[in-house]
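Reproduced below: query28.json, with JSON, C-alpha atoms.
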[["chain", "number", "residue", "atom", "x", "y", "z"],
["A", 139, "MET", "CA", 103.82, 169.70, 110.84],
["A", 140, "ALA", "CA", 103.69, 171.91, 113.90],
["A", 141, "GLU", "CA", 100.55, 173.92, 114.53],
["A", 142, "LEU", "CA", 100.67, 177.25, 112.72],
["A", 143, "ALA", "CA", 101.09, 180.07, 115.23],
["A", 144, "ASP", "CA", 99.33, 182.76, 113.18],
["A", 145, "SER", "CA", 96.66, 180.98, 111.20],
["A", 146, "VAL", "CA", 93.13, 181.40, 109.89],
["A", 147, "ARG", "CA", 90.49, 178.73, 109.51],
["A", 148, "VAL", "CA", 89.19, 178.05, 106.02],
["A", 149, "GLU", "CA", 86.56, 175.70, 104.66],
["A", 150, "ILE", "CA", 86.95, 174.63, 101.04],
["A", 151, "ALA", "CA", 83.85, 173.11, 99.42],
["A", 152, "PHE", "CA", 84.33, 170.86, 96.42],
["A", 153, "ALA", "CA", 81.93, 169.89, 93.64],
["A", 154, "GLY", "CA", 80.15, 166.73, 94.69],
["A", 155, "GLY", "CA", 79.76, 167.73, 98.31],
["A", 156, "PRO", "CA", 82.92, 167.21, 100.38],
["A", 157, "ILE", "CA", 84.14, 170.13, 102.50],
["A", 158, "LEU", "CA", 87.70, 170.41, 103.81],
["A", 159, "ALA", "CA", 88.31, 172.52, 106.93],
["A", 160, "ALA", "CA", 91.86, 173.51, 107.84],
["A", 161, "ASN", "CA", 93.99, 176.10, 109.61],
["A", 162, "VAL", "CA", 96.30, 177.85, 107.15],
["A", 163, "PRO", "CA", 98.65, 180.85, 107.28],
["A", 164, "PRO", "CA", 96.96, 184.10, 106.21],
["A", 165, "ALA", "CA", 99.30, 184.33, 103.20],
["A", 166, "GLY", "CA", 98.23, 180.83, 102.15],
["A", 167, "ALA", "CA", 94.54, 181.75, 102.34],
["A", 168, "ASP", "CA", 95.27, 184.91, 100.31],
["A", 169, "ALA", "CA", 97.17, 182.93, 97.66],
["A", 170, "LEU", "CA", 94.34, 180.40, 97.33],
["A", 171, "GLU", "CA", 91.76, 183.19, 96.91],
["A", 172, "GLN", "CA", 93.97, 184.87, 94.32],
["A", 173, "ALA", "CA", 94.42, 181.62, 92.36],
["A", 174, "LEU", "CA", 90.65, 181.09, 92.31],
["A", 175, "THR", "CA", 89.74, 184.64, 91.29],
["A", 176, "SER", "CA", 92.40, 184.77, 88.57],
["A", 177, "GLY", "CA", 90.99, 181.66, 86.91],
["A", 178, "ALA", "CA", 94.17, 179.65, 87.40],
["A", 179, "GLU", "CA", 94.01, 176.00, 86.38],
["A", 180, "GLY", "CA", 95.53, 172.86, 87.84],
["A", 181, "THR", "CA", 96.31, 172.46, 91.50],
["A", 182, "HIS", "CA", 97.30, 174.84, 94.27],
["A", 183, "GLN", "CA", 99.59, 173.74, 97.12],
["A", 184, "LEU", "CA", 98.32, 174.80, 100.53],
["A", 185, "ASP", "CA", 100.21, 174.36, 103.82],
["A", 186, "THR", "CA", 97.93, 173.49, 106.74],
["A", 187, "ASP", "CA", 98.56, 172.65, 110.37],
["A", 188, "ASP", "CA", 98.16, 168.99, 109.37],
["A", 189, "GLY", "CA", 100.55, 169.11, 106.40],
["A", 190, "ARG", "CA", 100.57, 170.17, 102.77],
["A", 191, "ILE", "CA", 97.55, 169.56, 100.53],
["A", 192, "ALA", "CA", 96.98, 170.00, 96.82],
["A", 193, "VAL", "CA", 93.69, 171.67, 95.97],
["A", 194, "MET", "CA", 92.27, 170.98, 92.50],
["A", 195, "LEU", "CA", 91.10, 174.49, 91.61],
["A", 196, "ALA", "CA", 88.53, 173.43, 89.00],
["A", 197, "ARG", "CA", 86.63, 171.41, 91.65],
["A", 198, "VAL", "CA", 86.35, 174.23, 94.24],
["A", 199, "VAL", "CA", 82.81, 175.54, 94.67],
["A", 200, "TYR", "CA", 83.53, 178.07, 97.43],
["A", 201, "VAL", "CA", 86.03, 179.01, 100.13],
["A", 202, "LYS", "CA", 84.87, 180.31, 103.51],
["A", 203, "ARG", "CA", 87.44, 182.23, 105.55],
["A", 204, "PHE", "CA", 86.82, 182.70, 109.26],
["A", 205, "ALA", "CA", 87.84, 185.69, 111.35],
["A", 206, "ARG", "CA", 91.09, 185.12, 113.28],
["A", 207, "ASP", "CA", 89.55, 185.87, 116.66],
["A", 208, "ALA", "CA", 86.71, 183.34, 116.29],
["A", 209, "ARG", "CA", 87.16, 180.86, 119.14],
["A", 210, "VAL", "CA", 84.89, 178.18, 120.55],
["A", 211, "GLY", "CA", 84.92, 177.37, 124.23],
["A", 212, "PHE", "CA", 85.96, 179.09, 127.41],
["A", 213, "GLY", "CA", 89.01, 181.26, 127.66],
["A", 214, "LEU", "CA", 90.38, 184.71, 127.90]]
Could I get this structure in the form of structure tokens?
Amino acid sequence: MAELADSVRVEIAFAGGPILAANVPPAGADALEQALTSGAEGTHQLDTDDGRIAVMLARVVYVKRFARDARVGFGL
């Protein structure tokens, strides 16, 4: 999948320790947050710059959403 032009970085921590970091569209990050806060069950499909993933909602411990303008390195 092509890199998402307008994306935000999220980290999704799962029970048991693994953390998944990905760039997702802002609407995708919003939909994931809404699914978690509403108590939805099952899985949630999330499009990332690396492809589509299925997040098992019951195993998510937290989601960290980074600011869009957070960049590492040199640049303008």
Residues at most 12 Å from stretch 185-191 of chain A, counting all atoms listed in the file, excluding those fewer than 3 positions away in the same chain, as a CSV table (one decimal) with C-alpha atoms, in the frame of the given file?
chain,number,residue,atom,x,y,z
A,139,MET,CA,103.8,169.7,110.8
A,140,ALA,CA,103.7,171.9,113.9
A,141,GLU,CA,100.6,173.9,114.5
A,142,LEU,CA,100.7,177.2,112.7
A,143,ALA,CA,101.1,180.1,115.2
A,144,ASP,CA,99.3,182.8,113.2
A,145,SER,CA,96.7,181.0,111.2
A,146,VAL,CA,93.1,181.4,109.9
A,147,ARG,CA,90.5,178.7,109.5
A,148,VAL,CA,89.2,178.0,106.0
A,149,GLU,CA,86.6,175.7,104.7
A,150,ILE,CA,87.0,174.6,101.0
A,158,LEU,CA,87.7,170.4,103.8
A,159,ALA,CA,88.3,172.5,106.9
A,160,ALA,CA,91.9,173.5,107.8
A,161,ASN,CA,94.0,176.1,109.6
A,162,VAL,CA,96.3,177.8,107.2
A,163,PRO,CA,98.6,180.8,107.3
A,164,PRO,CA,97.0,184.1,106.2
A,165,ALA,CA,99.3,184.3,103.2
A,166,GLY,CA,98.2,180.8,102.2
A,167,ALA,CA,94.5,181.8,102.3
A,169,ALA,CA,97.2,182.9,97.7
A,170,LEU,CA,94.3,180.4,97.3
A,181,THR,CA,96.3,172.5,91.5
A,182,HIS,CA,97.3,174.8,94.3
A,194,MET,CA,92.3,171.0,92.5
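Atom pair atom CA of A:Gly180 / atom CA of A:Ala205 has a distance of 27.9 Å (rounded to one decimal).
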**Report entry** Interatomic distance, atom CA of A:Ala178 to atom CA of A:Pro156 (Å, one decimal)
**Finding:**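 So the two atoms, atom CA of A:Ala178 and atom CA of A:Pro156, lie 21.2 Å apart.
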Report summary line: In Å and to one decimal, atom CA of A:Phe204 is distant from atom CA of A:Gly177 by 22.8 Å
**Report entry** Nearest to A:Phe152 by atom-to-atom distance, counting only C-alpha atoms, from A:Arg203, A:Ala196, A:Asp168, A:Gln183
**Finding:**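 The closest residue to A:Phe152 is A:Ala196.
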Would you please take stretch 143-188 of chain A of the structure in the block above and write N, CA and C atoms to a file as a tab-separated table (two decimals), in the first residue's frame?
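result25.tsv written:
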chain	number	residue	atom	x	y	z
A	143	ALA	N	-0.70	9.92	2.62
A	143	ALA	CA	-0.28	11.31	2.52
A	143	ALA	C	-0.58	12.08	3.80
A	144	ASP	N	-1.79	12.00	4.29
A	144	ASP	CA	-2.19	12.70	5.51
A	144	ASP	C	-2.43	11.63	6.57
A	145	SER	N	-1.41	11.39	7.39
A	145	SER	CA	-1.53	10.32	8.37
A	145	SER	C	-1.05	10.77	9.74
A	146	VAL	N	-1.44	10.01	10.74
A	146	VAL	CA	-0.98	10.23	12.11
A	146	VAL	C	-0.35	8.94	12.60
A	147	ARG	N	0.59	9.07	13.48
A	147	ARG	CA	1.27	7.90	14.05
A	147	ARG	C	0.53	7.47	15.30
A	148	VAL	N	0.26	6.18	15.40
A	148	VAL	CA	-0.36	5.63	16.60
A	148	VAL	C	0.47	4.45	17.10
A	149	GLU	N	0.44	4.25	18.41
A	149	GLU	CA	1.01	3.06	19.03
A	149	GLU	C	-0.14	2.37	19.74
A	150	ILE	N	-0.30	1.09	19.46
A	150	ILE	CA	-1.35	0.30	20.08
A	150	ILE	C	-0.68	-0.75	20.95
A	151	ALA	N	-0.93	-0.69	22.27
A	151	ALA	CA	-0.34	-1.65	23.20
A	151	ALA	C	-1.36	-2.74	23.48
A	152	PHE	N	-0.88	-3.98	23.44
A	152	PHE	CA	-1.74	-5.13	23.66
A	152	PHE	C	-1.41	-5.80	24.99
A	153	ALA	N	-2.39	-6.46	25.58
A	153	ALA	CA	-2.18	-7.22	26.80
A	153	ALA	C	-1.09	-8.25	26.53
A	154	GLY	N	-0.16	-8.38	27.44
A	154	GLY	CA	0.94	-9.31	27.25
A	154	GLY	C	2.21	-8.63	26.80
A	155	GLY	N	2.13	-7.35	26.45
A	155	GLY	CA	3.34	-6.60	26.18
A	155	GLY	C	3.60	-6.07	24.80
A	156	PRO	N	3.18	-6.73	23.70
A	156	PRO	CA	3.58	-6.19	22.39
A	156	PRO	C	2.92	-4.84	22.10
A	157	ILE	N	3.68	-3.99	21.39
A	157	ILE	CA	3.19	-2.68	20.97
A	157	ILE	C	3.35	-2.58	19.47
A	158	LEU	N	2.29	-2.16	18.79
A	158	LEU	CA	2.30	-1.98	17.34
A	158	LEU	C	2.30	-0.49	17.04
A	159	ALA	N	3.26	-0.02	16.28
A	159	ALA	CA	3.32	1.37	15.85
A	159	ALA	C	3.03	1.42	14.36
A	160	ALA	N	2.18	2.37	13.95
A	160	ALA	CA	1.81	2.47	12.54
A	160	ALA	C	1.35	3.88	12.21
A	161	ASN	N	1.45	4.23	10.93
A	161	ASN	CA	0.87	5.47	10.42
A	161	ASN	C	-0.50	5.13	9.84
A	162	VAL	N	-1.52	5.86	10.28
A	162	VAL	CA	-2.89	5.60	9.85
A	162	VAL	C	-3.55	6.91	9.47
A	163	PRO	N	-4.61	6.87	8.64
A	163	PRO	CA	-5.33	8.11	8.35
A	163	PRO	C	-6.01	8.62	9.62
A	164	PRO	N	-6.16	9.93	9.76
A	164	PRO	CA	-6.82	10.47	10.95
A	164	PRO	C	-8.20	9.85	11.20
A	165	ALA	N	-8.96	9.61	10.14
A	165	ALA	CA	-10.29	9.00	10.30
A	165	ALA	C	-10.17	7.58	10.85
A	166	GLY	N	-9.12	6.87	10.48
A	166	GLY	CA	-8.91	5.52	11.00
A	166	GLY	C	-8.58	5.53	12.48
A	167	ALA	N	-7.74	6.49	12.90
A	167	ALA	CA	-7.41	6.63	14.32
A	167	ALA	C	-8.66	7.00	15.11
A	168	ASP	N	-9.47	7.90	14.56
A	168	ASP	CA	-10.73	8.28	15.22
A	168	ASP	C	-11.66	7.09	15.37
A	169	ALA	N	-11.79	6.29	14.32
A	169	ALA	CA	-12.69	5.13	14.35
A	169	ALA	C	-12.22	4.09	15.36
A	170	LEU	N	-10.91	3.89	15.47
A	170	LEU	CA	-10.38	2.96	16.46
A	170	LEU	C	-10.68	3.45	17.87
A	171	GLU	N	-10.45	4.72	18.13
A	171	GLU	CA	-10.74	5.29	19.45
A	171	GLU	C	-12.22	5.16	19.78
A	172	GLN	N	-13.08	5.41	18.80
A	172	GLN	CA	-14.52	5.30	19.02
A	172	GLN	C	-14.92	3.86	19.32
A	173	ALA	N	-14.35	2.91	18.60
A	173	ALA	CA	-14.66	1.49	18.85
A	173	ALA	C	-14.25	1.09	20.26
A	174	LEU	N	-13.09	1.58	20.71
A	174	LEU	CA	-12.62	1.23	22.05
A	174	LEU	C	-13.47	1.88	23.14
A	175	THR	N	-13.82	3.14	22.97
A	175	THR	CA	-14.59	3.83	24.01
A	175	THR	C	-16.04	3.38	24.06
A	176	SER	N	-16.56	2.87	22.95
A	176	SER	CA	-17.95	2.41	22.93
A	176	SER	C	-18.11	1.00	23.49
A	177	GLY	N	-16.98	0.32	23.75
A	177	GLY	CA	-17.04	-1.03	24.27
A	177	GLY	C	-17.33	-2.08	23.22
A	178	ALA	N	-17.05	-1.75	21.97
A	178	ALA	CA	-17.28	-2.70	20.88
A	178	ALA	C	-16.46	-3.96	21.10
A	179	GLU	N	-16.96	-5.07	20.60
A	179	GLU	CA	-16.26	-6.35	20.74
A	179	GLU	C	-15.77	-6.82	19.37
A	180	GLY	N	-14.94	-7.83	19.38
A	180	GLY	CA	-14.45	-8.40	18.13
A	180	GLY	C	-13.21	-7.70	17.64
A	181	THR	N	-13.11	-7.56	16.33
A	181	THR	CA	-11.94	-6.95	15.73
A	181	THR	C	-12.31	-5.65	15.02
A	182	HIS	N	-11.31	-4.83	14.82
A	182	HIS	CA	-11.48	-3.56	14.11
A	182	HIS	C	-10.44	-3.53	13.00
A	183	GLN	N	-10.88	-3.29	11.77
A	183	GLN	CA	-9.97	-3.20	10.62
A	183	GLN	C	-9.36	-1.80	10.59
A	184	LEU	N	-8.05	-1.76	10.42
A	184	LEU	CA	-7.34	-0.49	10.43
A	184	LEU	C	-6.37	-0.47	9.24
A	185	ASP	N	-6.52	0.52	8.36
A	185	ASP	CA	-5.62	0.68	7.22
A	185	ASP	C	-4.39	1.46	7.67
A	186	THR	N	-3.22	0.90	7.39
A	186	THR	CA	-1.95	1.54	7.74
A	186	THR	C	-1.14	1.76	6.46
A	187	ASP	N	-0.01	2.44	6.59
A	187	ASP	CA	0.83	2.62	5.40
A	187	ASP	C	1.48	1.31	4.96
A	188	ASP	N	1.44	0.29	5.81
A	188	ASP	CA	1.99	-1.02	5.46
A	188	ASP	C	0.93	-2.01	5.01
